[in-house]
Protein chains: 2
Amino acid sequence: MFRIVTRQDSSPGEEAAGGSPTRGPLSRDLVLRTAIQLVDEDGLEALSMRHLAARLGRDPMALYRYSTNRESLLDGLAELLLDQWAIPVAGSGGGAWLDQLRRAAHDFRHLALQHPHLIPLLVTRPLSTPLGLRPLGALRPLERILAILREAGFDPAGALHAYRAYYGFLMGHLINELEEFVVNADEDEIGLRLGLHRLPRKDFPNLRDLAAVLLDYDGEAELDQGMTIILHGLEAQLQDSPVTPA
Amino acid sequence: MFRIVTRQDSSPGEEAAGGSPTRGPLSRDLVLRTAIQLVDEDGLEALSMRHLAARLGRDPMALYRYSTNRESLLDGLAELLLDQWAIPVAGSGGGAWLDQLRRAAHDFRHLALQHPHLIPLLVTRPLSTPLGLRPLGALRPLERILAILREAGFDPAGALHAYRAYYGFLMGHLINELEEFVVNADEDEIGLRLGLHRLPRKDFPNLRDLAAVLLDYDGEAELDQGMTIILHGLEAQLQDSPVTPA
DNA sequence: TACGACCGCTCTACACCGTAGACACTATGG
DNA sequence: CCATAGTGTCTACGGTGTAGAGCGGTCGTA
């Protein structure tokens with residue numbers, strides 16, 4: 001906006017993204033990383049091309065050299081996040097796959113907690129891009145999990161079903177958990193209890209009983225418990241009918 | 001926009017929302033119903049205050065009498081949808097709860113398929129409103145499911161955990177399914193296959209194997225199968241430890 | 001009947017948004 | 001030395017949400 005830089009302010013590396021307007025040349029990666037930082041700090045709705053550009057000390061239009069759209073920028077963020085999801089490589093038979101999937105779930109949860117505002121992107125963005133056309137980084141986790149499942153003994157169709165149960169539950173859980181998370185950050189205990197207290201006892205007896213329970217929510221334990229359910233189910237399915245009849 | 005109405009075009013009932021600009025007085029319900037119709041037809045991003053107002057034959061500012069915000073309008077839509085989710089009343093012991101939950105899941109899936117563009121709302125909107133402060137209509141499903149679970153024998157904490165596994169998976173599944181849905185509407189088989197074909201075989205062997213399977217996706221069967229997994233898991237948990245030690 | 005409050009709605013205006021199109025500067029390579 | 005390509009800027013347009021003032025009708029009360 002104001003700051004007129006002579007083009008090379010300090011070391012030209014891309015480590016910028018530190019808060020102050022940037023000097024060195026832009027790059028897709030720098031743009032995306034700065035965007036993620038912006039979202040982490042100020043939430044998704046604060047991510048406008050103009051804000052992002054300001055943070056980079058550039059004209060808004062400069063961003064369009066590195067992503068054709070605001071939409072595609074969002075896709076880029078989702079991809080970058082998904083690509084950080086480290087999934088163990090398939091192999092080392094036995095019941096290893098159960099542990100691998102469980103661990104991967106926990107890993108992803110940690111990622112999600114670091115970037116809570118990005119999770120909605122993960123859920124809504126893919127809705128607009130055909131599976132086959134998504135950026136490779138976004139498909140890699142899917143491929144890896146499929147590999148683990150195939151290795152475990154599922155046929156292609158079975159692996160897909162299993163993946164869907166797994167990933168579906170994982171996303172569902174995270175959304176549930178982040179809900180609490182974001183909420184509690186603002187309101188803390190009291191607000192929550194107050195909120196519940198407002199409910200007419202006649203119509204919401206069970207919900208009102210939950211005030212106490214809701215307050216000490218342990219997302220990690222809950223995810224683990226849910227994973228146990230899912231994985232047991234998958235295991236049973238694998239043993240019952242090693243090959244699903246189409 | 002153009003059309004100047006003399007204030008009473010035809011019968012003043014609220015059955016408007018039929019496509020042409022409306023006559024009779026507005027009402028929150030009419031606004032919301034028209035909004036849902038707009039979203040169903042043109043997608044979520046087409047829902048602007050101005051478009052909605054135009055469809056109602058009113059000035060945009062008129063809408064603010066019935067929802068303080070665009071945001072709260074979105075919340076209203078989510079509530080209206082959730083409130084349409086018919087969940088059987090708890091009761092009639094035995095294993096009935098398993099069937100009830102399964103049926104409820106299928107019912108919700110049908111609802112979701114009727115309004116695919118609204119589902120993202122269901123997922124993202126609650127993130128901004130503390131649980132206790134959500135509109136009652138949005139909490140009713142939660143209360144009903146808790147009732148079923150309590151009736152089945154879960155204690156409050158257990159019921160909450162069970163609910164989360166259930167609802168989490170349900171949402172996750174729907175998002176997965178709608179993904180396919182929306183995609184296939186546009187591209188149909190060929191595009192999908194083409195998309196997958198693009199992937200480097202070396203890095204995505206498993207994904208490429210799935211082309212065929214992806215094409216005959218049966219969401220209903222898959223949901224049912226997933227529900228079997230989840231419900232079995234819940235049942236086992238109920239029998240193993242009828243009361244979870246906090 | 002008269003009057004004041006209120007309700008439903010419209011008008012105007014503002015700040016912000018995404019982005020098309022033309023242009024400037026700089027670096028490169030023949 | 002000039003052509004070319006890549007990067008970033010400027011300006012402008014049509015769209016968005018919504019604040020604030022104003023306007024006509026209806027209703028409660030006198």
# chains A, B, ... in the order shown; residues from 1 in each chain; ligands from 1
>>> interface_residues(of="chain C", to="chain A", cutoff="12 Å", atoms="only C-alpha atoms (C1' of nucleotides)", output="PyMOL selection string")
chain C and resi 16-21+25-26
>>> write_last_selection(atoms="N, CA and C atoms (P, O5', C5', C4', C3', O3' and C1' of nucleotides)", output="JSON list (two decimals), in the first residue's frame")
[["chain", "number", "residue", "atom", "x", "y", "z"],
["C", 16, "DC", "P", -13.42, -0.39, 3.45],
["C", 16, "DC", "O5'", -13.51, -1.73, 2.59],
["C", 16, "DC", "C5'", -14.21, -2.85, 3.12],
["C", 16, "DC", "C4'", -14.66, -3.70, 1.99],
["C", 16, "DC", "C3'", -13.54, -4.25, 1.11],
["C", 16, "DC", "O3'", -13.22, -5.57, 1.56],
["C", 16, "DC", "C1'", -15.57, -3.73, -0.09],
["C", 17, "DC", "P", -12.00, -6.37, 0.91],
["C", 17, "DC", "O5'", -12.67, -7.12, -0.31],
["C", 17, "DC", "C5'", -13.70, -8.08, -0.04],
["C", 17, "DC", "C4'", -14.36, -8.46, -1.34],
["C", 17, "DC", "C3'", -13.39, -8.91, -2.41],
["C", 17, "DC", "O3'", -13.14, -10.28, -2.22],
["C", 17, "DC", "C1'", -15.12, -7.50, -3.30],
["C", 18, "DG", "P", -11.90, -10.89, -2.98],
["C", 18, "DG", "O5'", -12.49, -11.04, -4.46],
["C", 18, "DG", "C5'", -13.38, -12.10, -4.74],
["C", 18, "DG", "C4'", -13.70, -12.11, -6.22],
["C", 18, "DG", "C3'", -12.53, -12.51, -7.12],
["C", 18, "DG", "O3'", -13.02, -13.32, -8.17],
["C", 18, "DG", "C1'", -13.23, -10.34, -7.69],
["C", 19, "DT", "P", -11.98, -14.02, -9.12],
["C", 19, "DT", "O5'", -11.75, -12.89, -10.23],
["C", 19, "DT", "C5'", -12.78, -12.62, -11.14],
["C", 19, "DT", "C4'", -12.39, -11.47, -12.05],
["C", 19, "DT", "C3'", -11.05, -11.65, -12.77],
["C", 19, "DT", "O3'", -11.21, -11.25, -14.11],
["C", 19, "DT", "C1'", -11.17, -9.55, -11.83],
["C", 20, "DA", "P", -11.01, -12.37, -15.23],
["C", 20, "DA", "O5'", -11.17, -11.50, -16.55],
["C", 20, "DA", "C5'", -12.42, -10.92, -16.85],
["C", 20, "DA", "C4'", -12.22, -9.59, -17.58],
["C", 20, "DA", "C3'", -11.12, -9.62, -18.64],
["C", 20, "DA", "O3'", -11.61, -8.99, -19.82],
["C", 20, "DA", "C1'", -10.72, -7.87, -17.08],
["C", 21, "DG", "P", -10.80, -9.11, -21.15],
["C", 21, "DG", "O5'", -9.98, -7.75, -21.22],
["C", 21, "DG", "C5'", -10.60, -6.54, -20.80],
["C", 21, "DG", "C4'", -9.65, -5.39, -21.00],
["C", 21, "DG", "C3'", -8.51, -5.68, -21.97],
["C", 21, "DG", "O3'", -8.29, -4.51, -22.76],
["C", 21, "DG", "C1'", -7.61, -5.11, -19.87],
["C", 25, "DC", "P", 8.32, 2.63, -16.70],
["C", 25, "DC", "O5'", 9.26, 1.65, -15.87],
["C", 25, "DC", "C5'", 8.77, 1.01, -14.69],
["C", 25, "DC", "C4'", 9.31, -0.40, -14.66],
["C", 25, "DC", "C3'", 10.78, -0.50, -15.08],
["C", 25, "DC", "O3'", 11.53, -0.91, -13.95],
["C", 25, "DC", "C1'", 9.45, -2.24, -16.02],
["C", 26, "DT", "P", 13.16, -0.86, -14.04],
["C", 26, "DT", "O5'", 13.58, -2.25, -13.36],
["C", 26, "DT", "C5'", 12.62, -3.28, -13.16],
["C", 26, "DT", "C4'", 13.07, -4.56, -13.81],
["C", 26, "DT", "C3'", 14.54, -4.61, -14.24],
["C", 26, "DT", "O3'", 15.20, -5.55, -13.39],
["C", 26, "DT", "C1'", 13.10, -5.58, -15.88]]
>>> interface_residues(of="chain B", to="chain A", cutoff="8 Å", atoms="only C-alpha atoms", output="PyMOL selection string")
chain B and resi 120+123-124+126-133+136+140+142-143+146-147+156-157+160-161+164-165+167-173+175-176+178-180+182-184+192-199+204-207+209-210+213+222+226+229-230+232-234
>>> closest_atom_pairs(of="chain A", to="chain D", cutoff="10 Å", atoms="only C-alpha atoms (C1' of nucleotides)", output="tab-separated table")
residue	atom	partner	partner_atom	distance
A:Pro25	CA	D:DT7	C1'	8.6
A:Leu26	CA	D:DT7	C1'	8.9
A:Arg58	CA	D:DG8	C1'	7.8
A:Asp59	CA	D:DT9	C1'	6.5
A:Pro60	CA	D:DT9	C1'	9.1
A:Met61	CA	D:DT9	C1'	7.9
A:Ala62	CA	D:DG8	C1'	5.7
A:Leu63	CA	D:DG8	C1'	9.3
A:Arg65	CA	D:DT7	C1'	8.1
>>> select_by_dssp(residues="region 22-135 of chain B", states="helix (DSSP H, G or I)", output="ChimeraX atom specification")
/B:28-42,44-46,49-56,60-65,70-83,96-114,116-128,131-133
